[in-house]
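Asker: Hey, dropping model.cif in here, mmCIF, C-alpha atoms:
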data_target
#
loop_
_atom_site.group_PDB
_atom_site.id
_atom_site.type_symbol
_atom_site.label_atom_id
_atom_site.label_comp_id
_atom_site.auth_asym_id
_atom_site.auth_seq_id
_atom_site.Cartn_x
_atom_site.Cartn_y
_atom_site.Cartn_z
ATOM 1 C CA MET A 1 -77.503 -3.478 -57.705
ATOM 2 C CA ALA A 2 -75.143 -1.345 -55.646
ATOM 3 C CA ARG A 3 -74.257 -4.360 -53.570
ATOM 4 C CA SER A 4 -73.315 -6.486 -56.584
ATOM 5 C CA SER A 5 -71.199 -3.705 -58.173
ATOM 6 C CA SER A 6 -69.197 -3.232 -54.955
ATOM 7 C CA GLY A 7 -68.625 -6.985 -54.859
ATOM 8 C CA LEU A 8 -67.472 -6.865 -58.461
ATOM 9 C CA VAL A 9 -65.032 -4.024 -57.697
ATOM 10 C CA ALA A 10 -63.684 -5.923 -54.689
ATOM 11 C CA GLY A 11 -63.251 -9.057 -56.790
ATOM 12 C CA LEU A 12 -61.467 -7.187 -59.583
ATOM 13 C CA THR A 13 -59.183 -5.461 -57.048
ATOM 14 C CA ALA A 14 -58.275 -8.776 -55.445
ATOM 15 C CA ALA A 15 -57.564 -10.313 -58.856
ATOM 16 C CA ALA A 16 -55.382 -7.323 -59.849
ATOM 17 C CA LEU A 17 -53.405 -7.583 -56.608
ATOM 18 C CA ALA A 18 -52.886 -11.300 -57.189
ATOM 19 C CA VAL A 19 -51.573 -10.641 -60.709
ATOM 20 C CA VAL A 20 -49.212 -7.914 -59.449
ATOM 21 C CA ALA A 21 -47.926 -10.194 -56.675
ATOM 22 C CA PHE A 22 -47.342 -13.024 -59.173
ATOM 23 C CA LEU A 23 -45.465 -10.720 -61.579
ATOM 24 C CA ALA A 24 -43.340 -9.367 -58.708
ATOM 25 C CA TYR A 25 -42.466 -12.937 -57.688
ATOM 26 C CA GLN A 26 -41.466 -13.812 -61.269
ATOM 27 C CA ALA A 27 -39.309 -10.681 -61.567
ATOM 28 C CA SER A 28 -37.495 -11.377 -58.304
ATOM 29 C CA ALA A 29 -36.908 -15.013 -59.262
ATOM 30 C CA SER A 30 -35.223 -14.003 -62.525
ATOM 31 C CA ALA A 31 -33.121 -11.144 -61.064
ATOM 32 C CA PRO A 32 -29.345 -11.652 -60.698
ATOM 33 C CA ASP A 33 -28.269 -12.949 -57.279
ATOM 34 C CA GLN A 34 -26.126 -9.910 -56.453
ATOM 35 C CA LEU A 35 -29.010 -7.484 -57.069
ATOM 36 C CA GLY A 36 -30.592 -8.092 -53.690
ATOM 37 C CA ARG A 37 -27.317 -8.122 -51.725
ATOM 38 C CA PRO A 38 -25.763 -5.094 -50.080
ATOM 39 C CA ALA A 39 -22.952 -3.618 -52.135
ATOM 40 C CA SER A 40 -19.555 -4.944 -51.160
ATOM 41 C CA HIS A 41 -16.594 -2.625 -50.777
ATOM 42 C CA SER A 42 -14.769 -2.448 -54.060
ATOM 43 C CA THR A 43 -11.007 -2.625 -54.223
ATOM 44 C CA VAL A 44 -11.028 -0.303 -57.239
ATOM 45 C CA PRO A 45 -10.972 3.377 -56.241
ATOM 46 C CA SER A 46 -14.013 5.325 -57.390
ATOM 47 C CA SER A 47 -11.731 7.498 -59.514
ATOM 48 C CA GLN A 48 -10.919 4.378 -61.568
ATOM 49 C CA ALA A 49 -14.523 3.279 -61.990
ATOM 50 C CA SER A 50 -15.844 3.297 -65.520
ATOM 51 C CA GLY A 51 -17.986 6.226 -66.524
ATOM 52 C CA GLY A 52 -20.383 3.943 -68.380
ATOM 53 C CA PRO A 53 -20.616 1.261 -71.027
ATOM 54 C CA GLY A 54 -17.886 1.555 -73.653
ATOM 55 C CA GLN A 55 -15.839 4.102 -71.676
ATOM 56 C CA LYS A 56 -12.338 3.478 -70.406
ATOM 57 C CA PRO A 57 -11.735 3.706 -66.651
ATOM 58 C CA LYS A 58 -10.340 7.073 -65.562
ATOM 59 C CA ASN A 59 -6.596 7.185 -64.951
ATOM 60 C CA PRO A 60 -6.231 8.148 -61.264
ATOM 61 C CA LEU A 61 -2.945 9.901 -62.049
ATOM 62 C CA ALA A 62 -4.427 12.022 -64.857
ATOM 63 C CA LEU A 63 -4.409 15.776 -64.441
ATOM 64 C CA PRO A 64 -7.890 16.978 -63.382
ATOM 65 C CA ALA A 65 -10.011 18.732 -65.986
ATOM 66 C CA ARG A 66 -10.329 22.502 -65.631
ATOM 67 C CA SER A 67 -7.129 22.819 -63.616
ATOM 68 C CA GLY A 68 -5.830 25.822 -65.491
ATOM 69 C CA LYS A 69 -3.122 26.325 -68.084
ATOM 70 C CA GLY A 70 0.599 26.919 -68.082
ATOM 71 C CA VAL A 71 3.218 26.044 -65.499
ATOM 72 C CA ARG A 72 1.443 25.389 -62.203
ATOM 73 C CA VAL A 73 0.972 23.254 -59.120
ATOM 74 C CA VAL A 74 -2.429 21.532 -59.086
ATOM 75 C CA TYR A 75 -3.808 20.396 -55.732
ATOM 76 C CA GLY A 76 -6.797 18.026 -55.958
ATOM 77 C CA LEU A 77 -8.676 18.187 -52.663
ATOM 78 C CA GLY A 78 -10.806 15.103 -53.345
ATOM 79 C CA GLU A 79 -7.951 13.131 -54.863
ATOM 80 C CA ARG A 80 -5.520 14.109 -52.092
ATOM 81 C CA ARG A 81 -2.967 14.505 -54.850
ATOM 82 C CA VAL A 82 -0.654 17.143 -56.287
ATOM 83 C CA TRP A 83 0.536 17.513 -59.878
ATOM 84 C CA LEU A 84 3.552 19.609 -60.865
ATOM 85 C CA VAL A 85 2.666 20.760 -64.386
ATOM 86 C CA GLY A 86 5.461 21.905 -66.699
ATOM 87 C CA GLN A 87 5.603 24.249 -69.683
ATOM 88 C CA ASN A 88 4.222 21.639 -72.067
ATOM 89 C CA GLY A 89 1.009 21.441 -69.998
ATOM 90 C CA LYS A 90 1.782 17.880 -68.907
ATOM 91 C CA PRO A 91 2.474 16.735 -65.348
ATOM 92 C CA GLU A 92 6.174 16.348 -64.616
ATOM 93 C CA ARG A 93 5.389 14.661 -61.307
ATOM 94 C CA THR A 94 2.336 13.643 -59.296
ATOM 95 C CA PHE A 95 2.103 12.380 -55.743
ATOM 96 C CA GLU A 96 -0.284 11.779 -52.858
ATOM 97 C CA VAL A 97 -0.533 14.239 -49.983
ATOM 98 C CA MET A 98 -2.117 14.317 -46.521
ATOM 99 C CA PRO A 99 -4.491 17.304 -46.288
ATOM 100 C CA SER A 100 -4.444 19.731 -43.376
ATOM 101 C CA THR A 101 -7.392 20.327 -41.057
ATOM 102 C CA VAL A 102 -7.883 23.795 -42.559
ATOM 103 C CA GLY A 103 -7.979 23.771 -46.332
ATOM 104 C CA PRO A 104 -8.135 26.282 -49.136
ATOM 105 C CA ALA A 105 -11.232 26.832 -51.238
ATOM 106 C CA PRO A 106 -10.965 25.752 -54.879
ATOM 107 C CA GLY A 107 -9.404 28.511 -56.963
ATOM 108 C CA ALA A 108 -6.133 29.968 -58.235
ATOM 109 C CA TYR A 109 -3.412 31.148 -55.850
ATOM 110 C CA THR A 110 0.252 32.111 -55.988
ATOM 111 C CA VAL A 111 3.127 31.029 -53.783
ATOM 112 C CA THR A 112 3.581 33.854 -51.282
ATOM 113 C CA SER A 113 6.358 32.575 -49.024
ATOM 114 C CA ARG A 114 8.737 29.669 -48.479
ATOM 115 C CA SER A 115 10.748 28.350 -45.542
ATOM 116 C CA GLY A 116 13.551 25.795 -45.526
ATOM 117 C CA THR A 117 13.006 24.134 -42.137
ATOM 118 C CA VAL A 118 10.586 25.207 -39.396
ATOM 119 C CA PRO A 119 8.449 23.663 -36.663
ATOM 120 C CA GLY A 120 4.993 22.805 -37.992
ATOM 121 C CA SER A 121 1.839 24.045 -36.290
ATOM 122 C CA ASP A 122 1.416 20.498 -34.972
ATOM 123 C CA GLY A 123 4.900 20.532 -33.399
ATOM 124 C CA VAL A 124 6.481 18.278 -36.045
ATOM 125 C CA ARG A 125 9.663 19.637 -37.648
ATOM 126 C CA ILE A 126 8.991 20.279 -41.357
ATOM 127 C CA GLU A 127 11.017 21.282 -44.385
ATOM 128 C CA HIS A 128 10.500 22.783 -47.819
ATOM 129 C CA VAL A 129 7.440 24.789 -46.820
ATOM 130 C CA VAL A 130 5.686 26.395 -49.798
ATOM 131 C CA ARG A 131 2.821 28.668 -48.648
ATOM 132 C CA PHE A 132 0.106 29.815 -51.018
ATOM 133 C CA ALA A 133 -3.044 30.715 -49.042
ATOM 134 C CA SER A 134 -4.424 31.772 -45.674
ATOM 135 C CA VAL A 135 -7.765 30.788 -44.158
ATOM 136 C CA ASP A 136 -8.896 32.315 -40.846
ATOM 137 C CA ASP A 137 -5.311 33.334 -39.994
ATOM 138 C CA VAL A 138 -4.023 29.807 -40.710
ATOM 139 C CA ALA A 139 -1.301 29.690 -43.377
ATOM 140 C CA ILE A 140 -1.901 26.958 -45.966
ATOM 141 C CA GLY A 141 1.083 25.376 -47.652
ATOM 142 C CA PHE A 142 2.855 22.246 -48.770
ATOM 143 C CA SER A 143 5.567 20.699 -46.603
ATOM 144 C CA ALA A 144 7.327 17.472 -45.714
ATOM 145 C CA ALA A 145 7.945 16.214 -42.195
ATOM 146 C CA VAL A 146 11.673 15.832 -41.526
ATOM 147 C CA ASN A 147 10.911 12.466 -39.889
ATOM 148 C CA GLY A 148 9.157 11.341 -43.108
ATOM 149 C CA SER A 149 5.708 10.911 -41.525
ATOM 150 C CA MET A 150 2.482 11.673 -43.343
ATOM 151 C CA ALA A 151 0.127 11.008 -40.430
ATOM 152 C CA SER A 152 -3.380 12.416 -40.398
ATOM 153 C CA PRO A 153 -3.446 15.706 -38.489
ATOM 154 C CA ASP A 154 -5.232 15.961 -35.159
ATOM 155 C CA PRO A 155 -8.759 17.088 -36.133
ATOM 156 C CA GLU A 156 -8.919 19.250 -32.990
ATOM 157 C CA MET A 157 -5.971 21.406 -34.184
ATOM 158 C CA LYS A 158 -6.109 24.123 -36.828
ATOM 159 C CA THR A 159 -3.274 23.155 -39.156
ATOM 160 C CA GLY A 160 -2.578 24.346 -42.676
ATOM 161 C CA GLY A 161 0.228 22.002 -43.657
ATOM 162 C CA VAL A 162 -0.470 19.768 -46.644
ATOM 163 C CA ARG A 163 2.071 16.997 -45.990
ATOM 164 C CA MET A 164 3.989 14.997 -48.542
ATOM 165 C CA LYS A 165 6.903 12.573 -48.604
ATOM 166 C CA ARG A 166 10.357 14.114 -48.363
ATOM 167 C CA ALA A 167 11.306 13.316 -51.977
ATOM 168 C CA ASP A 168 8.069 14.965 -53.133
ATOM 169 C CA GLY A 169 8.827 17.936 -50.863
ATOM 170 C CA ASP A 170 12.233 18.285 -52.547
ATOM 171 C CA ALA A 171 10.538 18.319 -55.966
ATOM 172 C CA MET A 172 7.944 20.861 -54.797
ATOM 173 C CA TRP A 173 10.709 23.093 -53.361
ATOM 174 C CA LYS A 174 12.549 23.162 -56.701
ATOM 175 C CA PHE A 175 9.353 23.638 -58.734
ATOM 176 C CA ALA A 176 7.248 26.153 -56.757
ATOM 177 C CA THR A 177 9.162 29.380 -56.218
ATOM 178 C CA ILE A 178 7.687 32.695 -55.021
ATOM 179 C CA GLY A 179 4.969 33.799 -57.447
ATOM 180 C CA SER A 180 4.363 30.300 -58.857
ATOM 181 C CA LYS A 181 0.757 29.482 -59.678
ATOM 182 C CA VAL A 182 -1.167 26.998 -57.488
ATOM 183 C CA VAL A 183 -4.576 25.794 -58.650
ATOM 184 C CA VAL A 184 -6.811 24.065 -56.109
ATOM 185 C CA VAL A 185 -9.549 21.856 -57.552
ATOM 186 C CA PRO A 186 -12.367 20.075 -55.703
#
Would you write the structure of this file as structure tokens?
Answerer:
Amino acid sequence: MARSSSGLVAGLTAAALAVVAFLAYQASASAPDQLGRPASHSTVPSSQASGGPGQKPKNPLALPARSGKGVRVVYGLGERRVWLVGQNGKPERTFEVMPSTVGPAPGAYTVTSRSGTVPGSDGVRIEHVVRFASVDDVAIGFSAAVNGSMASPDPEMKTGGVRMKRADGDAMWKFATIGSKVVVVP
């Protein structure tokens, strides 16, 4: 009797595996073609991707949530973008920046010093320097290269200059005076 029950269990197991294999084959045959392919690189930035069915794509220029209140400079580390926010709480200007190799932690800061034109820590002549933080004795601030470049900094150097285009540097210089609020968001 034991022999026939083990044969029955083996037969039932084999039949169950066959059914599972058949159902798996049917499911794969009816799946969309792109499901099995590796994801292709999208041309839409992730910040514009829809948050789900029925939701509008996020505006990549929109002021980040939880970026404070009042007149302020908002620096989005992940977005690599700055917003100059006026008295009405709306951005007066927004622009892309090139982050430094040493960056500030998210939080609220104030502009502590400014310089018209100086040599940058990377040797590039910069203008409209607006400093607001210090990390490990490296001053962190916004600036524009006089030659207009926004090249990625050498990762081997400790630099604190968040670079922007010259026109954006002019706007920052007029907007962010000593004591101005700077909010850094992730």
Asker: If the PyMOL selection byres ((chain A and resi 145) around 8) were run on this exact file, what residues would it hold? Put them as a PyMOL selection string.
Answerer: chain A and resi 124-127+143-144+146-150+163-166
Asker: Could the residues in this selection be saved with C-alpha atoms as a PDB file, in the coordinates of the input?
Answerer:
ATOM      1  CA  VAL A 124       6.481  18.278 -36.045  1.00  0.00           C
ATOM      2  CA  ARG A 125       9.663  19.637 -37.648  1.00  0.00           C
ATOM      3  CA  ILE A 126       8.991  20.279 -41.357  1.00  0.00           C
ATOM      4  CA  GLU A 127      11.017  21.282 -44.385  1.00  0.00           C
ATOM      5  CA  SER A 143       5.567  20.699 -46.603  1.00  0.00           C
ATOM      6  CA  ALA A 144       7.327  17.472 -45.714  1.00  0.00           C
ATOM      7  CA  VAL A 146      11.673  15.832 -41.526  1.00  0.00           C
ATOM      8  CA  ASN A 147      10.911  12.466 -39.889  1.00  0.00           C
ATOM      9  CA  GLY A 148       9.157  11.341 -43.108  1.00  0.00           C
ATOM     10  CA  SER A 149       5.708  10.911 -41.525  1.00  0.00           C
ATOM     11  CA  MET A 150       2.482  11.673 -43.343  1.00  0.00           C
ATOM     12  CA  ARG A 163       2.071  16.997 -45.990  1.00  0.00           C
ATOM     13  CA  MET A 164       3.989  14.997 -48.542  1.00  0.00           C
ATOM     14  CA  LYS A 165       6.903  12.573 -48.604  1.00  0.00           C
ATOM     15  CA  ARG A 166      10.357  14.114 -48.363  1.00  0.00           C
TER      16      ARG A 166
END
Asker: Can you tell me how far atom CA of A:Pro104 sits from atom CA of A:Arg72, in Å to one decimal?
Answerer: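 One can read the atom CA of A:Pro104 to atom CA of A:Arg72 distance as 16.2 Å.
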Asker: Excluding stretch 181-184 of chain A and residues on its chain fewer than 3 positions from it, collect all residues at most 10 Å away from it, counting all atoms listed in the file, and give them as a short mmCIF file (atom, residue, chain, number, x, y, z; two decimals) with C-alpha atoms, keeping the file's coordinate frame.
Answerer:
data_model
loop_
_atom_site.label_atom_id
_atom_site.label_comp_id
_atom_site.auth_asym_id
_atom_site.auth_seq_id
_atom_site.Cartn_x
_atom_site.Cartn_y
_atom_site.Cartn_z
CA ARG A 66 -10.33 22.50 -65.63
CA SER A 67 -7.13 22.82 -63.62
CA GLY A 68 -5.83 25.82 -65.49
CA LYS A 69 -3.12 26.32 -68.08
CA GLY A 70 0.60 26.92 -68.08
CA VAL A 71 3.22 26.04 -65.50
CA ARG A 72 1.44 25.39 -62.20
CA VAL A 73 0.97 23.25 -59.12
CA VAL A 74 -2.43 21.53 -59.09
CA TYR A 75 -3.81 20.40 -55.73
CA GLY A 76 -6.80 18.03 -55.96
CA LEU A 77 -8.68 18.19 -52.66
CA VAL A 82 -0.65 17.14 -56.29
CA TRP A 83 0.54 17.51 -59.88
CA LEU A 84 3.55 19.61 -60.86
CA GLY A 103 -7.98 23.77 -46.33
CA PRO A 104 -8.14 26.28 -49.14
CA ALA A 105 -11.23 26.83 -51.24
CA PRO A 106 -10.96 25.75 -54.88
CA GLY A 107 -9.40 28.51 -56.96
CA ALA A 108 -6.13 29.97 -58.24
CA TYR A 109 -3.41 31.15 -55.85
CA THR A 110 0.25 32.11 -55.99
CA VAL A 111 3.13 31.03 -53.78
CA THR A 112 3.58 33.85 -51.28
CA ARG A 131 2.82 28.67 -48.65
CA PHE A 132 0.11 29.82 -51.02
CA ALA A 133 -3.04 30.72 -49.04
CA ALA A 176 7.25 26.15 -56.76
CA THR A 177 9.16 29.38 -56.22
CA ILE A 178 7.69 32.70 -55.02
#
Asker: Pick the closest to A:Gly179 from A:Thr101, A:Ser134, A:Thr159, A:Ser113: which is it, counting all atoms listed in the file?
Answerer: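 Using all atoms listed in the file, the shortest distance to A:Gly179 belongs to A:Ser113.
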